[in-house]
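Visitor: Below is the file work.pdb, with PDB, C-alpha atoms, pLDDT in the B column.
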ATOM      1  CA  MET A   1     117.898 168.730 -23.680  1.00 54.00           C
ATOM      2  CA  PRO A   2     115.464 170.220 -21.149  1.00 68.00           C
ATOM      3  CA  GLU A   3     114.215 166.717 -20.273  1.00 70.00           C
ATOM      4  CA  THR A   4     117.765 165.612 -19.566  1.00 80.00           C
ATOM      5  CA  GLU A   5     118.289 168.614 -17.319  1.00 77.00           C
ATOM      6  CA  LYS A   6     115.048 167.847 -15.484  1.00 77.00           C
ATOM      7  CA  THR A   7     116.121 164.241 -15.021  1.00 86.00           C
ATOM      8  CA  LEU A   8     119.484 165.353 -13.688  1.00 84.00           C
ATOM      9  CA  GLU A   9     117.829 167.795 -11.303  1.00 87.00           C
ATOM     10  CA  GLU A  10     115.480 165.072 -10.057  1.00 87.00           C
ATOM     11  CA  ARG A  11     118.399 162.729  -9.498  1.00 87.00           C
ATOM     12  CA  GLU A  12     120.295 165.463  -7.726  1.00 88.00           C
ATOM     13  CA  ARG A  13     117.344 166.104  -5.404  1.00 89.00           C
ATOM     14  CA  ALA A  14     117.023 162.380  -4.747  1.00 89.00           C
ATOM     15  CA  VAL A  15     120.707 162.170  -3.862  1.00 89.00           C
ATOM     16  CA  GLU A  16     120.409 165.162  -1.523  1.00 90.00           C
ATOM     17  CA  ALA A  17     117.384 163.604   0.179  1.00 90.00           C
ATOM     18  CA  ARG A  18     119.250 160.318   0.586  1.00 90.00           C
ATOM     19  CA  GLU A  19     122.228 162.155   2.086  1.00 90.00           C
ATOM     20  CA  ARG A  20     119.933 163.850   4.620  1.00 89.00           C
ATOM     21  CA  GLU A  21     118.404 160.489   5.527  1.00 89.00           C
ATOM     22  CA  LEU A  22     121.851 158.966   5.987  1.00 87.00           C
ATOM     23  CA  GLU A  23     122.957 161.855   8.198  1.00 86.00           C
ATOM     24  CA  GLU A  24     119.881 161.391  10.399  1.00 86.00           C
ATOM     25  CA  ARG A  25     120.487 157.659  10.618  1.00 85.00           C
ATOM     26  CA  GLU A  26     124.124 158.254  11.517  1.00 84.00           C
ATOM     27  CA  LYS A  27     123.030 160.552  14.359  1.00 81.00           C
ATOM     28  CA  GLN A  28     120.631 157.882  15.633  1.00 81.00           C
ATOM     29  CA  LEU A  29     123.293 155.177  15.473  1.00 80.00           C
ATOM     30  CA  ASP A  30     125.775 157.440  17.241  1.00 81.00           C
ATOM     31  CA  ALA A  31     123.277 157.941  20.060  1.00 81.00           C
ATOM     32  CA  PHE A  32     122.688 154.177  20.202  1.00 79.00           C
ATOM     33  CA  SER A  33     126.436 153.522  20.347  1.00 82.00           C
ATOM     34  CA  ARG A  34     126.784 155.927  23.250  1.00 81.00           C
ATOM     35  CA  GLN A  35     123.965 154.139  25.103  1.00 84.00           C
ATOM     36  CA  VAL A  36     125.580 150.741  24.526  1.00 81.00           C
ATOM     37  CA  HIS A  37     128.945 152.049  25.707  1.00 81.00           C
ATOM     38  CA  ARG A  38     127.343 153.583  28.804  1.00 83.00           C
ATOM     39  CA  LYS A  39     125.557 150.301  29.600  1.00 84.00           C
ATOM     40  CA  LYS A  40     128.786 148.368  29.092  1.00 78.00           C
ATOM     41  CA  THR A  41     130.692 150.609  31.491  1.00 80.00           C
ATOM     42  CA  GLU A  42     127.898 150.177  34.063  1.00 82.00           C
ATOM     43  CA  TRP A  43     128.410 146.415  33.886  1.00 76.00           C
ATOM     44  CA  TYR A  44     132.161 146.854  34.273  1.00 73.00           C
ATOM     45  CA  GLU A  45     131.625 148.951  37.393  1.00 76.00           C
ATOM     46  CA  HIS A  46     129.581 146.179  39.052  1.00 79.00           C
ATOM     47  CA  VAL A  47     132.163 143.460  38.404  1.00 75.00           C
ATOM     48  CA  ASN A  48     135.693 143.621  39.794  1.00 80.00           C
ATOM     49  CA  LEU A  49     137.349 142.708  36.499  1.00 78.00           C
ATOM     50  CA  SER A  50     139.364 144.720  34.051  1.00 80.00           C
ATOM     51  CA  VAL A  51     137.980 145.459  30.628  1.00 77.00           C
ATOM     52  CA  GLY A  52     140.272 142.868  29.058  1.00 86.00           C
ATOM     53  CA  GLN A  53     139.200 140.193  31.527  1.00 87.00           C
ATOM     54  CA  MET A  54     135.538 141.023  30.973  1.00 82.00           C
ATOM     55  CA  ASN A  55     136.014 140.775  27.202  1.00 87.00           C
ATOM     56  CA  ILE A  56     137.549 137.313  27.671  1.00 92.00           C
ATOM     57  CA  VAL A  57     134.563 136.249  29.776  1.00 90.00           C
ATOM     58  CA  VAL A  58     132.176 137.504  27.107  1.00 90.00           C
ATOM     59  CA  ARG A  59     134.088 135.644  24.369  1.00 95.00           C
ATOM     60  CA  VAL A  60     134.011 132.411  26.385  1.00 97.00           C
ATOM     61  CA  VAL A  61     130.261 132.750  26.873  1.00 96.00           C
ATOM     62  CA  TYR A  62     129.782 133.335  23.128  1.00 97.00           C
ATOM     63  CA  LEU A  63     131.932 130.291  22.398  1.00 97.00           C
ATOM     64  CA  LEU A  64     129.847 128.152  24.744  1.00 97.00           C
ATOM     65  CA  LEU A  65     126.635 129.382  23.140  1.00 97.00           C
ATOM     66  CA  ALA A  66     128.002 128.564  19.676  1.00 97.00           C
ATOM     67  CA  LEU A  67     129.078 125.099  20.844  1.00 96.00           C
ATOM     68  CA  THR A  68     125.623 124.498  22.306  1.00 95.00           C
ATOM     69  CA  PHE A  69     123.997 125.548  19.042  1.00 95.00           C
ATOM     70  CA  VAL A  70     126.258 123.239  17.034  1.00 94.00           C
ATOM     71  CA  LEU A  71     125.502 120.302  19.330  1.00 92.00           C
ATOM     72  CA  ILE A  72     121.763 120.953  19.060  1.00 92.00           C
ATOM     73  CA  VAL A  73     121.981 121.005  15.262  1.00 92.00           C
ATOM     74  CA  LEU A  74     124.108 117.832  15.166  1.00 92.00           C
ATOM     75  CA  GLU A  75     121.701 116.002  17.474  1.00 91.00           C
ATOM     76  CA  ALA A  76     118.678 117.178  15.468  1.00 91.00           C
ATOM     77  CA  THR A  77     120.222 115.812  12.270  1.00 91.00           C
ATOM     78  CA  GLY A  78     121.064 112.505  13.936  1.00 88.00           C
ATOM     79  CA  ILE A  79     124.825 112.841  13.513  1.00 88.00           C
ATOM     80  CA  PHE A  80     125.543 113.172  17.228  1.00 79.00           C
ATOM     81  CA  LYS A  81     123.583 111.529  20.037  1.00 77.00           C
ATOM     82  CA  LEU A  82     123.958 112.223  23.732  1.00 69.00           C
TER      83      LEU A  82
END
Once you've parsed the file, please lay out its structure as structure tokens.
Guide:
Amino acid sequence: MPETEKTLEERERAVEARERELEEREKQLDAFSRQVHRKKTEWYEHVNLSVGQMNIVVRVVYLLLALTFVLIVLEATGIFKL
């Protein structure tokens, strides 16, 4: 029985350590999210568009990048030639 108790205590300590690590990581990610949000609002201040309009512009750019990637892959495989 004492070995089982020791094993349980070790597991409990490991879980506590993991919880502390996760809390620290969450704090770091929260700080990162705030920085990203701050940077995003800086961009919105420089452009005379609403947030919704800016999101549409970003989505269109992502769509164009995806289309470009697909065309590159299709041309590399020989399926599509320009």
Visitor: In Å, rounded to a single decimal, give me how far atom CA of Met54 of chain A is from atom CA of Lys40 of chain A.
Guide: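 Taking atom CA of Lys40 of chain A as the start and atom CA of Met54 of chain A as the end point, the length is 10.2 Å.
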Visitor: Rounded to one decimal, what separation in Å do you get between atom CA of Leu67 of chain A and atom CA of His37 of chain A?
Guide: 27.4 Å
Visitor: In terms of the shortest atom-to-atom distance over only C-alpha atoms, which of A:Gly78, A:Glu21, A:Phe69, A:Tyr44 is closest to Val57 of chain A?
Guide: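 Using only C-alpha atoms, the shortest distance to Val57 of chain A belongs to A:Tyr44.
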Visitor: What gap, in Å, lies between atom CA of Ala31 of chain A and atom CA of Leu63 of chain A?
Guide: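 Atom-to-atom, atom CA of Ala31 of chain A to atom CA of Leu63 of chain A, that is 29.1 Å.
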